[in-house]
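Q: Coordinates in data.cif, mmCIF, C-alpha atoms and all ligand atoms, are listed below.
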```
data_work
#
loop_
_atom_site.group_PDB
_atom_site.id
_atom_site.type_symbol
_atom_site.label_atom_id
_atom_site.label_comp_id
_atom_site.auth_asym_id
_atom_site.auth_seq_id
_atom_site.Cartn_x
_atom_site.Cartn_y
_atom_site.Cartn_z
ATOM 1 C CA MET H 90 2.402 -12.836 8.130
ATOM 2 C CA LEU H 91 4.756 -10.478 9.969
ATOM 3 C CA VAL H 92 2.991 -7.418 11.384
ATOM 4 C CA SER H 93 3.699 -4.724 13.954
ATOM 5 C CA GLY H 94 2.817 -5.233 17.603
ATOM 6 C CA LYS H 95 0.517 -2.232 17.371
ATOM 7 C CA GLU H 96 -1.545 -3.757 14.556
ATOM 8 C CA ILE H 97 -2.124 -6.896 16.616
ATOM 9 C CA LEU H 98 -2.829 -5.137 19.891
ATOM 10 C CA ASN H 99 -5.038 -2.373 18.496
ATOM 11 C CA HIS H 100 -7.210 -5.104 16.946
ATOM 12 C CA ALA H 101 -7.371 -6.862 20.332
ATOM 13 C CA HIS H 102 -8.176 -3.557 22.098
ATOM 14 C CA GLU H 103 -10.948 -2.728 19.629
ATOM 15 C CA ASN H 104 -12.440 -6.219 19.735
ATOM 16 C CA GLY H 105 -12.131 -6.968 23.470
ATOM 17 C CA TYR H 106 -9.755 -9.927 23.611
ATOM 18 C CA ALA H 107 -6.121 -10.621 24.537
ATOM 19 C CA VAL H 108 -3.192 -11.959 22.539
ATOM 20 C CA GLY H 109 -0.622 -14.287 24.064
ATOM 21 C CA ALA H 110 2.991 -13.113 24.085
ATOM 22 C CA PHE H 111 5.111 -16.191 24.583
ATOM 23 C CA ASN H 112 8.819 -16.183 25.458
ATOM 24 C CA VAL H 113 11.250 -18.044 23.207
ATOM 25 C CA ASN H 114 14.878 -19.095 23.486
ATOM 26 C CA ASN H 115 15.049 -21.809 20.808
ATOM 27 C CA MET H 116 13.576 -23.183 17.600
ATOM 28 C CA GLU H 117 11.203 -25.660 19.245
ATOM 29 C CA GLN H 118 9.521 -22.881 21.199
ATOM 30 C CA VAL H 119 9.060 -20.755 18.071
ATOM 31 C CA GLN H 120 7.547 -23.724 16.235
ATOM 32 C CA ALA H 121 5.286 -24.673 19.156
ATOM 33 C CA ILE H 122 3.896 -21.122 19.267
ATOM 34 C CA ILE H 123 3.244 -20.919 15.522
ATOM 35 C CA GLU H 124 1.632 -24.372 15.405
ATOM 36 C CA ALA H 125 -0.676 -23.415 18.283
ATOM 37 C CA ALA H 126 -1.530 -20.077 16.659
ATOM 38 C CA GLU H 127 -2.383 -21.748 13.341
ATOM 39 C CA GLU H 128 -4.405 -24.487 15.022
ATOM 40 C CA THR H 129 -6.496 -21.915 16.886
ATOM 41 C CA ASN H 130 -6.374 -19.256 14.154
ATOM 42 C CA SER H 131 -4.989 -16.699 16.624
ATOM 43 C CA PRO H 132 -2.835 -13.639 16.129
ATOM 44 C CA VAL H 133 0.290 -14.100 18.269
ATOM 45 C CA ILE H 134 3.385 -12.377 19.656
ATOM 46 C CA ILE H 135 6.730 -14.162 19.854
ATOM 47 C CA GLN H 136 8.931 -12.451 22.405
ATOM 48 C CA ALA H 137 12.489 -12.810 23.672
ATOM 49 C CA SER H 138 14.010 -11.405 26.842
ATOM 50 C CA GLN H 139 17.497 -9.930 26.952
ATOM 51 C CA GLY H 140 18.595 -13.219 28.541
ATOM 52 C CA GLY H 141 16.957 -15.123 25.688
ATOM 53 C CA LEU H 142 18.773 -12.975 23.134
ATOM 54 C CA ALA H 143 22.079 -13.432 24.952
ATOM 55 C CA TYR H 144 21.519 -17.213 24.897
ATOM 56 C CA ALA H 145 20.444 -17.655 21.273
ATOM 57 C CA GLY H 146 21.766 -14.480 19.621
ATOM 58 C CA VAL H 147 19.667 -11.550 18.405
ATOM 59 C CA GLU H 148 20.054 -12.547 14.763
ATOM 60 C CA PHE H 149 19.059 -16.166 15.362
ATOM 61 C CA ILE H 150 15.915 -15.175 17.228
ATOM 62 C CA ALA H 151 15.050 -12.463 14.697
ATOM 63 C CA GLU H 152 15.584 -14.708 11.665
ATOM 64 C CA MET H 153 13.718 -17.667 13.193
ATOM 65 C CA GLY H 154 10.864 -15.332 14.057
ATOM 66 C CA LYS H 155 10.790 -13.870 10.560
ATOM 67 C CA VAL H 156 10.821 -17.270 8.824
ATOM 68 C CA ALA H 157 8.058 -18.474 11.143
ATOM 69 C CA ALA H 158 6.002 -15.311 10.595
ATOM 70 C CA LYS H 159 6.459 -15.302 6.807
ATOM 71 C CA ASN H 160 5.170 -18.847 6.487
ATOM 72 C CA ALA H 161 2.397 -18.503 9.062
ATOM 73 C CA SER H 162 -1.246 -18.153 8.076
ATOM 74 C CA VAL H 163 -1.858 -15.855 11.083
ATOM 75 C CA PRO H 164 -0.523 -12.391 12.047
ATOM 76 C CA VAL H 165 2.726 -12.628 14.047
ATOM 77 C CA ALA H 166 4.749 -9.887 15.787
ATOM 78 C CA ILE H 167 8.323 -10.270 17.068
ATOM 79 C CA HIS H 168 8.856 -8.455 20.352
ATOM 80 C CA LEU H 169 11.702 -7.650 22.739
ATOM 81 C CA ASP H 170 10.599 -8.386 26.315
ATOM 82 C CA HIS H 171 11.867 -6.130 29.170
ATOM 83 C CA GLY H 172 14.472 -4.223 27.170
ATOM 84 C CA THR H 173 16.682 -2.233 29.507
ATOM 85 C CA ASP H 174 19.807 -1.913 27.395
ATOM 86 C CA PHE H 175 19.902 0.857 24.770
ATOM 87 C CA LYS H 176 22.295 -1.013 22.462
ATOM 88 C CA GLN H 177 20.288 -4.221 22.560
ATOM 89 C CA ILE H 178 17.086 -2.349 21.778
ATOM 90 C CA MET H 179 18.819 -0.748 18.771
ATOM 91 C CA LEU H 180 20.021 -4.190 17.637
ATOM 92 C CA CYS H 181 16.452 -5.464 17.773
ATOM 93 C CA LEU H 182 15.268 -2.532 15.644
ATOM 94 C CA ARG H 183 18.025 -3.233 13.161
ATOM 95 C CA ASN H 184 17.262 -6.960 13.007
ATOM 96 C CA GLY H 185 13.596 -6.574 12.172
ATOM 97 C CA PHE H 186 11.739 -6.895 15.468
ATOM 98 C CA THR H 187 8.294 -5.339 15.017
ATOM 99 C CA SER H 188 7.832 -4.394 18.669
ATOM 100 C CA VAL H 189 10.105 -3.560 21.601
ATOM 101 C CA MET H 190 9.591 -3.083 25.311
ATOM 102 C CA ILE H 191 11.582 -0.434 27.089
ATOM 103 C CA ASP H 192 11.472 -1.280 30.775
ATOM 104 C CA ALA H 193 12.660 1.679 32.813
ATOM 105 C CA SER H 194 10.127 0.958 35.552
ATOM 106 C CA HIS H 195 12.835 0.743 38.206
ATOM 107 C CA TYR H 196 13.596 4.461 37.774
ATOM 108 C CA GLU H 197 11.681 7.393 39.202
ATOM 109 C CA LEU H 198 8.766 8.593 37.064
ATOM 110 C CA ASP H 199 10.631 11.427 35.311
ATOM 111 C CA GLU H 200 13.575 9.214 34.358
ATOM 112 C CA ASN H 201 11.221 6.434 33.241
ATOM 113 C CA ILE H 202 9.463 8.985 31.020
ATOM 114 C CA ARG H 203 12.762 10.323 29.623
ATOM 115 C CA LYS H 204 14.168 6.879 28.759
ATOM 116 C CA THR H 205 10.861 5.680 27.331
ATOM 117 C CA GLN H 206 10.461 8.829 25.191
ATOM 118 C CA GLU H 207 13.935 8.346 23.730
ATOM 119 C CA ILE H 208 13.263 4.749 22.637
ATOM 120 C CA THR H 209 9.745 5.508 21.428
ATOM 121 C CA GLU H 210 10.956 8.270 19.137
ATOM 122 C CA MET H 211 13.535 5.992 17.528
ATOM 123 C CA ALA H 212 11.339 2.907 17.277
ATOM 124 C CA HIS H 213 8.427 4.842 15.794
ATOM 125 C CA ALA H 214 10.743 6.418 13.233
ATOM 126 C CA VAL H 215 11.290 2.937 11.771
ATOM 127 C CA GLY H 216 7.711 1.687 12.217
ATOM 128 C CA VAL H 217 8.305 -0.436 15.332
ATOM 129 C CA SER H 218 5.752 -0.424 18.165
ATOM 130 C CA VAL H 219 6.631 0.230 21.803
ATOM 131 C CA GLU H 220 5.586 -1.214 25.158
ATOM 132 C CA ALA H 221 6.677 0.387 28.430
ATOM 133 C CA GLU H 222 6.053 -0.364 32.095
ATOM 134 C CA LEU H 223 4.791 1.803 34.909
ATOM 135 C CA GLY H 224 4.690 0.491 38.475
ATOM 136 C CA LYS H 225 6.807 -2.450 39.576
ATOM 137 C CA ILE H 226 5.838 -6.057 38.802
ATOM 138 C CA GLY H 227 7.077 -8.563 41.414
ATOM 139 C CA GLY H 228 9.457 -11.451 40.721
ATOM 140 C CA THR H 229 12.611 -11.746 38.637
ATOM 141 C CA GLU H 230 13.254 -10.865 35.028
ATOM 142 C CA ASP H 231 16.768 -10.996 33.656
ATOM 143 C CA ASP H 232 18.970 -9.850 36.539
ATOM 144 C CA VAL H 233 16.455 -7.577 38.219
ATOM 145 C CA SER H 234 14.516 -8.975 41.128
ATOM 146 C CA VAL H 235 11.604 -7.188 42.803
ATOM 147 C CA ASP H 236 10.427 -8.632 46.089
ATOM 148 C CA GLU H 237 6.639 -9.062 45.991
ATOM 149 C CA LYS H 238 6.269 -6.719 48.954
ATOM 150 C CA ASP H 239 8.204 -4.036 47.018
ATOM 151 C CA ALA H 240 6.036 -4.341 43.924
ATOM 152 C CA THR H 241 4.124 -1.083 43.395
ATOM 153 C CA TYR H 242 0.825 -0.981 41.599
ATOM 154 C CA THR H 243 0.361 1.361 38.622
ATOM 155 C CA ASP H 244 -1.124 4.713 39.598
ATOM 156 C CA PRO H 245 -3.841 5.842 37.118
ATOM 157 C CA GLU H 246 -2.953 9.558 37.436
ATOM 158 C CA GLU H 247 0.722 8.865 36.721
ATOM 159 C CA ALA H 248 -0.228 6.484 33.923
ATOM 160 C CA GLU H 249 -2.128 9.223 32.062
ATOM 161 C CA LYS H 250 0.869 11.546 32.258
ATOM 162 C CA PHE H 251 3.255 8.718 31.300
ATOM 163 C CA VAL H 252 1.307 7.711 28.191
ATOM 164 C CA ARG H 253 0.710 11.313 27.098
ATOM 165 C CA GLU H 254 4.359 12.303 27.415
ATOM 166 C CA THR H 255 5.973 9.157 25.996
ATOM 167 C CA GLY H 256 3.658 8.322 23.079
ATOM 168 C CA ILE H 257 3.943 4.542 23.686
ATOM 169 C CA ASP H 258 1.591 2.082 21.994
ATOM 170 C CA TYR H 259 0.750 -0.223 24.939
ATOM 171 C CA LEU H 260 1.336 -0.136 28.660
ATOM 172 C CA ALA H 261 2.437 -2.913 31.034
ATOM 173 C CA ILE H 262 0.658 -2.427 34.345
ATOM 174 C CA ALA H 263 1.388 -3.735 37.838
ATOM 175 C CA VAL H 264 -1.887 -5.060 39.263
ATOM 176 C CA GLY H 265 -0.852 -7.972 41.481
ATOM 177 C CA THR H 266 0.888 -10.474 39.205
ATOM 178 C CA ALA H 267 4.552 -11.492 39.579
ATOM 179 C CA HIS H 268 7.081 -13.202 37.324
ATOM 180 C CA GLY H 269 7.836 -16.882 37.927
ATOM 181 C CA PRO H 270 5.899 -19.546 39.870
ATOM 182 C CA TYR H 271 3.417 -18.383 42.531
ATOM 183 C CA LYS H 272 3.573 -19.595 46.107
ATOM 184 C CA GLY H 273 -0.097 -18.861 46.788
ATOM 185 C CA GLU H 274 -2.922 -17.804 44.482
ATOM 186 C CA PRO H 275 -2.292 -14.367 42.928
ATOM 187 C CA LYS H 276 -4.904 -11.732 43.753
ATOM 188 C CA LEU H 277 -5.417 -9.260 40.944
ATOM 189 C CA ASP H 278 -6.577 -5.685 41.485
ATOM 190 C CA PHE H 279 -9.453 -5.802 38.987
ATOM 191 C CA ASP H 280 -10.770 -2.336 39.902
ATOM 192 C CA ARG H 281 -7.393 -0.887 38.977
ATOM 193 C CA ILE H 282 -7.458 -2.601 35.554
ATOM 194 C CA LYS H 283 -10.926 -1.160 34.928
ATOM 195 C CA VAL H 284 -9.924 2.389 35.930
ATOM 196 C CA LEU H 285 -6.694 2.233 33.892
ATOM 197 C CA LYS H 286 -8.594 1.038 30.814
ATOM 198 C CA GLU H 287 -11.207 3.780 31.152
ATOM 199 C CA ARG H 288 -8.636 6.520 31.618
ATOM 200 C CA LEU H 289 -6.087 5.362 29.028
ATOM 201 C CA ASP H 290 -8.307 3.746 26.359
ATOM 202 C CA MET H 291 -5.348 1.814 24.910
ATOM 203 C CA PRO H 292 -4.012 -1.783 24.870
ATOM 204 C CA LEU H 293 -2.891 -2.934 28.349
ATOM 205 C CA VAL H 294 -0.327 -5.655 29.099
ATOM 206 C CA LEU H 295 -0.309 -8.237 31.894
ATOM 207 C CA HIS H 296 3.100 -9.687 32.841
ATOM 208 C CA GLY H 297 3.744 -12.672 35.098
ATOM 209 C CA SER H 298 0.638 -14.439 33.820
ATOM 210 C CA SER H 299 1.782 -18.073 34.221
ATOM 211 C CA GLY H 300 -0.116 -19.762 37.043
ATOM 212 C CA VAL H 301 -2.883 -17.141 37.157
ATOM 213 C CA PRO H 302 -6.204 -19.050 37.371
ATOM 214 C CA GLU H 303 -8.369 -19.123 34.253
ATOM 215 C CA GLU H 304 -11.193 -17.212 35.925
ATOM 216 C CA SER H 305 -8.897 -14.315 36.860
ATOM 217 C CA ILE H 306 -7.375 -14.227 33.384
ATOM 218 C CA LYS H 307 -10.816 -14.094 31.777
ATOM 219 C CA LYS H 308 -11.946 -11.323 34.117
ATOM 220 C CA ALA H 309 -8.765 -9.325 33.444
ATOM 221 C CA VAL H 310 -9.360 -9.687 29.694
ATOM 222 C CA SER H 311 -12.988 -8.605 30.033
ATOM 223 C CA LEU H 312 -11.785 -5.455 31.846
ATOM 224 C CA GLY H 313 -9.242 -4.486 29.207
ATOM 225 C CA ILE H 314 -6.041 -6.578 29.210
ATOM 226 C CA ASN H 315 -4.930 -7.181 25.592
ATOM 227 C CA LYS H 316 -1.432 -8.699 25.809
ATOM 228 C CA ILE H 317 -0.691 -11.565 28.182
ATOM 229 C CA ASN H 318 2.915 -12.604 28.800
ATOM 230 C CA ILE H 319 3.629 -16.273 29.445
ATOM 231 C CA ASP H 320 7.028 -17.814 30.059
ATOM 232 C CA THR H 321 7.124 -20.011 33.182
ATOM 233 C CA ASP H 322 4.206 -22.275 32.159
ATOM 234 C CA ILE H 323 5.999 -23.063 28.876
ATOM 235 C CA ARG H 324 9.278 -23.755 30.677
ATOM 236 C CA MET H 325 7.473 -26.121 33.023
ATOM 237 C CA ALA H 326 5.751 -27.976 30.169
ATOM 238 C CA PHE H 327 9.137 -28.359 28.471
ATOM 239 C CA HIS H 328 10.816 -29.586 31.647
ATOM 240 C CA LYS H 329 8.063 -32.087 32.470
ATOM 241 C CA ALA H 330 8.069 -33.605 28.971
ATOM 242 C CA VAL H 331 11.873 -33.912 28.783
ATOM 243 C CA LYS H 332 12.042 -35.378 32.293
ATOM 244 C CA GLU H 333 9.347 -37.943 31.492
ATOM 245 C CA PHE H 334 10.957 -38.957 28.229
ATOM 246 C CA VAL H 335 14.452 -39.291 29.662
ATOM 247 C CA SER H 336 13.290 -41.259 32.695
ATOM 248 C CA LYS H 337 11.396 -43.714 30.439
ATOM 249 C CA ASN H 338 14.135 -43.835 27.782
ATOM 250 C CA PRO H 339 17.438 -43.313 29.595
ATOM 251 C CA ASP H 340 19.513 -44.646 26.699
ATOM 252 C CA VAL H 341 18.003 -42.599 23.855
ATOM 253 C CA TYR H 342 20.467 -39.883 22.907
ATOM 254 C CA ASP H 343 18.909 -38.426 19.745
ATOM 255 C CA PRO H 344 18.041 -34.777 20.616
ATOM 256 C CA ARG H 345 15.041 -34.865 18.263
ATOM 257 C CA LYS H 346 13.509 -37.743 20.206
ATOM 258 C CA ILE H 347 14.150 -35.997 23.529
ATOM 259 C CA VAL H 348 12.997 -32.498 22.602
ATOM 260 C CA GLY H 349 10.279 -33.415 20.050
ATOM 261 C CA PRO H 350 7.734 -34.470 22.721
ATOM 262 C CA ALA H 351 8.504 -31.274 24.637
ATOM 263 C CA ARG H 352 7.655 -29.237 21.528
ATOM 264 C CA SER H 353 4.261 -30.984 21.354
ATOM 265 C CA ALA H 354 3.665 -30.423 25.083
ATOM 266 C CA MET H 355 4.482 -26.717 24.742
ATOM 267 C CA LYS H 356 2.137 -26.431 21.758
ATOM 268 C CA GLU H 357 -0.742 -27.931 23.749
ATOM 269 C CA ILE H 358 -0.392 -25.530 26.649
ATOM 270 C CA ILE H 359 0.029 -22.517 24.342
ATOM 271 C CA ALA H 360 -3.101 -23.437 22.345
ATOM 272 C CA ASP H 361 -4.984 -23.730 25.628
ATOM 273 C CA LYS H 362 -3.883 -20.238 26.667
ATOM 274 C CA MET H 363 -5.006 -18.839 23.315
ATOM 275 C CA ARG H 364 -8.519 -20.197 23.897
ATOM 276 C CA MET H 365 -8.470 -18.799 27.443
ATOM 277 C CA PHE H 366 -7.365 -15.333 26.253
ATOM 278 C CA GLY H 367 -10.117 -15.152 23.616
ATOM 279 C CA SER H 368 -7.772 -14.873 20.622
ATOM 280 C CA LYS H 369 -9.044 -18.113 19.039
ATOM 281 C CA GLY H 370 -10.510 -17.403 15.597
ATOM 282 C CA LYS H 371 -9.474 -13.719 15.716
ATOM 283 C CA ALA H 372 -6.703 -13.930 13.079
ATOM 284 C CA TRP H 373 -7.218 -11.947 9.881
ATOM 285 C CA LYS H 374 -5.767 -12.437 6.384
HETATM 286 O O1 LIG H 401 10.019 -11.489 32.228
HETATM 287 C C1 LIG H 401 10.618 -12.508 32.447
HETATM 288 C C2 LIG H 401 10.746 -13.606 31.485
HETATM 289 O O2 LIG H 401 10.282 -14.776 32.107
HETATM 290 C C3 LIG H 401 12.142 -13.738 30.961
HETATM 291 O O3 LIG H 401 12.955 -14.509 31.751
HETATM 292 O O4 LIG H 401 15.077 -13.211 31.649
HETATM 293 O O5 LIG H 401 15.072 -15.624 32.352
HETATM 294 O O6 LIG H 401 14.653 -15.004 29.981
HETATM 295 P P1 LIG H 401 14.540 -14.601 31.424
HETATM 296 P P1 LIG H 402 5.821 -15.617 33.677
HETATM 297 O O1 LIG H 402 7.130 -16.311 33.502
HETATM 298 O O2 LIG H 402 5.445 -15.478 35.113
HETATM 299 O O3 LIG H 402 4.762 -16.194 32.823
HETATM 300 O O4 LIG H 402 6.039 -14.101 33.173
HETATM 301 C C1 LIG H 402 6.346 -13.871 31.835
HETATM 302 C C2 LIG H 402 6.555 -12.430 31.570
HETATM 303 O O5 LIG H 402 5.958 -11.551 32.149
HETATM 304 C C3 LIG H 402 7.527 -12.080 30.530
HETATM 305 O O6 LIG H 402 7.668 -10.710 30.395
HETATM 306 ZN ZN ZN H 403 7.497 -9.606 32.189
#
```
Render the structure in this file as structure tokens.
A:
Amino acid sequence: MLVSGKEILNHAHENGYAVGAFNVNNMEQVQAIIEAAEETNSPVIIQASQGGLAYAGVEFIAEMGKVAAKNASVPVAIHLDHGTDFKQIMLCLRNGFTSVMIDASHYELDENIRKTQEITEMAHAVGVSVEAELGKIGGTEDDVSVDEKDATYTDPEEAEKFVRETGIDYLAIAVGTAHGPYKGEPKLDFDRIKVLKERLDMPLVLHGSSGVPEESIKKAVSLGINKINIDTDIRMAFHKAVKEFVSKNPDVYDPRKIVGPARSAMKEIIADKMRMFGSKGKAWK
């Protein structure tokens, strides 16, 4: 069942749990996500980055997502992750994405507000939900890299103004996570999550969530995180399974035999995350 991002995340916000938003670049990842969501009876968000769309093609990702959502027994949203390019965001709207992220977090506040407002007005006009980011999350996404020391946490005062003036549906906050693998253990600013939730009273998004310990994830969810982005952990599960298969079976050249076990490995880790996030059993008809 294909639904808007807002429908999924408002339900999570009202019922105190988080939904996984998993990055996809190919068919096996889409299938792994849907299988995990059906097994755990979880609502779910399939998302693609601009790099993912450049790799697979906007239409391919959109159509795969729509076929998967149409046949799924659980609510599914299709989301653009870290959209920075106006044309690509428009292409996503045109191709049936039900949620887009406009990431203008690298600009000053006023310019971030202006760019976010522009996209929000257009997306809302065609019933598509909008995520935006305030503060700077560390690590690399697409071509933009933010050194962890340059990451800036989301300011609650600014966040209130940002949400009021842009009309977005959910906000990505910078509270100590970073994209990609962690060198040490990430330390989340839980007090900041709590204050942001109290002041904004809307769905909040945690990026860079691969490698964050279960205890921290659960605490972040209990304080108001409703969308949790995972990419790196899925990539690693894929890599490990392919590597293992190829090293044990160096002469097998059938792609289905090589990538099939990786699809199962990705499904396992995704289903595990869904249980951790509290979305298990939360799907509706
Ligand atoms: O936010 C970052 C995601 O992991 C996307 O990564 O731009 O390499 O597809 P990517
Ligand atoms: P990770 O790759 O660190 O899980 O981050 C994913 C993400 O935030 C996508 O927007
Ligand atoms: Zn991200």
Q: Show me, as a Markdown table, the residues of chain H having an atom within 12 Å of ligand LIG 401 (chain H), each with the closest atom pair and its distance in Å, using all atoms listed in the file.
A:
```
| residue | atom | partner | partner_atom | distance |
| --- | --- | --- | --- | --- |
| H:Ala110 | CA | H:LIG401 | C2 | 10.7 |
| H:Phe111 | CA | H:LIG401 | O2 | 9.2 |
| H:Asn112 | CA | H:LIG401 | C2 | 6.8 |
| H:Val113 | CA | H:LIG401 | O6 | 8.2 |
| H:Asn114 | CA | H:LIG401 | O6 | 7.7 |
| H:Asn115 | CA | H:LIG401 | O6 | 11.4 |
| H:Gln136 | CA | H:LIG401 | C3 | 9.2 |
| H:Ala137 | CA | H:LIG401 | O6 | 7.0 |
| H:Ser138 | CA | H:LIG401 | O6 | 4.8 |
| H:Gln139 | CA | H:LIG401 | O4 | 6.2 |
| H:Gly140 | CA | H:LIG401 | O6 | 4.6 |
| H:Gly141 | CA | H:LIG401 | O6 | 4.9 |
| H:Leu142 | CA | H:LIG401 | O6 | 8.2 |
| H:Ala143 | CA | H:LIG401 | O6 | 9.1 |
| H:Tyr144 | CA | H:LIG401 | O6 | 8.8 |
| H:Ala145 | CA | H:LIG401 | O6 | 10.8 |
| H:Leu169 | CA | H:LIG401 | C3 | 10.2 |
| H:Asp170 | CA | H:LIG401 | O1 | 6.7 |
| H:His171 | CA | H:LIG401 | O1 | 6.4 |
| H:Gly172 | CA | H:LIG401 | O1 | 9.9 |
| H:Thr173 | CA | H:LIG401 | O4 | 11.3 |
| H:Met190 | CA | H:LIG401 | O1 | 10.9 |
| H:Asp192 | CA | H:LIG401 | O1 | 10.4 |
| H:Glu222 | CA | H:LIG401 | O1 | 11.8 |
| H:Ile226 | CA | H:LIG401 | O1 | 9.5 |
| H:Gly227 | CA | H:LIG401 | O1 | 10.1 |
| H:Gly228 | CA | H:LIG401 | C1 | 8.4 |
| H:Thr229 | CA | H:LIG401 | C1 | 6.5 |
| H:Glu230 | CA | H:LIG401 | C1 | 4.0 |
| H:Asp231 | CA | H:LIG401 | O4 | 3.4 |
| H:Asp232 | CA | H:LIG401 | O4 | 7.1 |
| H:Val233 | CA | H:LIG401 | O4 | 8.8 |
| H:Ser234 | CA | H:LIG401 | C1 | 10.2 |
| H:Val235 | CA | H:LIG401 | O1 | 11.5 |
| H:Ala261 | CA | H:LIG401 | O1 | 11.5 |
| H:Thr266 | CA | H:LIG401 | O1 | 11.5 |
| H:Ala267 | CA | H:LIG401 | O1 | 9.2 |
| H:His268 | CA | H:LIG401 | C1 | 6.1 |
| H:Gly269 | CA | H:LIG401 | O2 | 6.7 |
| H:Pro270 | CA | H:LIG401 | O2 | 10.1 |
| H:Leu295 | CA | H:LIG401 | O1 | 10.8 |
| H:His296 | CA | H:LIG401 | O1 | 7.2 |
| H:Gly297 | CA | H:LIG401 | O1 | 7.0 |
| H:Ser298 | CA | H:LIG401 | O2 | 9.8 |
| H:Ser299 | CA | H:LIG401 | O2 | 9.4 |
| H:Ile317 | CA | H:LIG401 | O1 | 11.4 |
| H:Asn318 | CA | H:LIG401 | O1 | 8.0 |
| H:Ile319 | CA | H:LIG401 | O2 | 7.3 |
| H:Asp320 | CA | H:LIG401 | O2 | 4.9 |
| H:Thr321 | CA | H:LIG401 | O2 | 6.2 |
| H:Asp322 | CA | H:LIG401 | O2 | 9.7 |
| H:Ile323 | CA | H:LIG401 | O2 | 9.9 |
| H:Arg324 | CA | H:LIG401 | O2 | 9.1 |
| H:Met325 | CA | H:LIG401 | O2 | 11.7 |
```
Q: Interatomic distance between atom CA of Lys374 of chain H and atom CA of Met90 of chain H?
A: 8.4 Å
Q: Figure out the distance between atom CA of Ala193 of chain H and atom CA of Asp174 of chain H, please, to one decimal in Å.
A: 9.7 Å
Q: Can you list, as an NGL selection string, the residues that the PyMOL selection byres (((chain H and resi 246) around 12) and not hetatm) selects here?
A: :H and (198 or 223-224 or 242-245 or 247-253 or 281 or 284-285 or 287-289)
Q: Just to be explicit: take each residue in the selection above, keep C-alpha atoms, and write the result as a compact mmCIF listing (two decimals), keeping the file's coordinate frame.
A:
```txt
# COMPACT_ATOMS: atom_id res chain seq x y z
CA LEU H 198 8.77 8.59 37.06
CA LEU H 223 4.79 1.80 34.91
CA GLY H 224 4.69 0.49 38.48
CA TYR H 242 0.82 -0.98 41.60
CA THR H 243 0.36 1.36 38.62
CA ASP H 244 -1.12 4.71 39.60
CA PRO H 245 -3.84 5.84 37.12
CA GLU H 247 0.72 8.86 36.72
CA ALA H 248 -0.23 6.48 33.92
CA GLU H 249 -2.13 9.22 32.06
CA LYS H 250 0.87 11.55 32.26
CA PHE H 251 3.26 8.72 31.30
CA VAL H 252 1.31 7.71 28.19
CA ARG H 253 0.71 11.31 27.10
CA ARG H 281 -7.39 -0.89 38.98
CA VAL H 284 -9.92 2.39 35.93
CA LEU H 285 -6.69 2.23 33.89
CA GLU H 287 -11.21 3.78 31.15
CA ARG H 288 -8.64 6.52 31.62
CA LEU H 289 -6.09 5.36 29.03
```
Q: Any idea what's packed within 7 Å of Ile257 of chain H, counting only C-alpha atoms, ignoring anything in its chain fewer than 3 positions away? Could you give it as an mmCIF file with C-alpha atoms, in the frame of the given file?
A:
```
data_model
loop_
_atom_site.group_PDB
_atom_site.id
_atom_site.type_symbol
_atom_site.label_atom_id
_atom_site.label_comp_id
_atom_site.auth_asym_id
_atom_site.auth_seq_id
_atom_site.Cartn_x
_atom_site.Cartn_y
_atom_site.Cartn_z
ATOM 1 C CA THR H 209 9.745 5.508 21.428
ATOM 2 C CA VAL H 219 6.631 0.230 21.803
ATOM 3 C CA GLU H 220 5.586 -1.214 25.158
ATOM 4 C CA ALA H 221 6.677 0.387 28.430
ATOM 5 C CA VAL H 252 1.307 7.711 28.191
#
```
Q: Let me make sure I understand: among H:Tyr106, H:Tyr271, H:Tyr196, H:Phe175, which one has the smallest atom-to-atom distance to ligand LIG 402 (chain H) if we use all atoms listed in the file?
A: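 Closest candidate: H:Tyr271.
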Q: Report the residues retrieved by the PyMOL selection byres (((chain H and resi 331) around 10) and not hetatm) from the displayed file, expressed as a list in words.
A: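 Evaluating the PyMOL selection byres (((chain H and resi 331) around 10) and not hetatm) on these coordinates yields Met325, Ala326, Phe327, His328, Lys329, Ala330, Lys332, Glu333, Phe334, Val335, Ser336, Lys337, Lys346, Ile347, Val348, Gly349, Pro350, Ala351, Arg352 and Ala354 of chain H.
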Q: Pick the closest to ligand ZN 403 (chain H) from H:Glu197, H:Thr205, H:Ile178, H:His168: which is it, counting all atoms listed in the file?
A: H:His168
Q: State, in Å with one decimal place, the distance from atom CA of Phe149 of chain H to atom CA of Cys181 of chain H.
A: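 It comes out at 11.3 Å.
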Q: So, with only C-alpha atoms and all ligand atoms as the atoms that count, which of H:Lys225, H:Lys283, H:Arg364, H:Lys371 lies closest to ligand LIG 402 (chain H)?
A: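 Of the candidates, the smallest distance to ligand LIG 402 (chain H) is held by H:Lys225.
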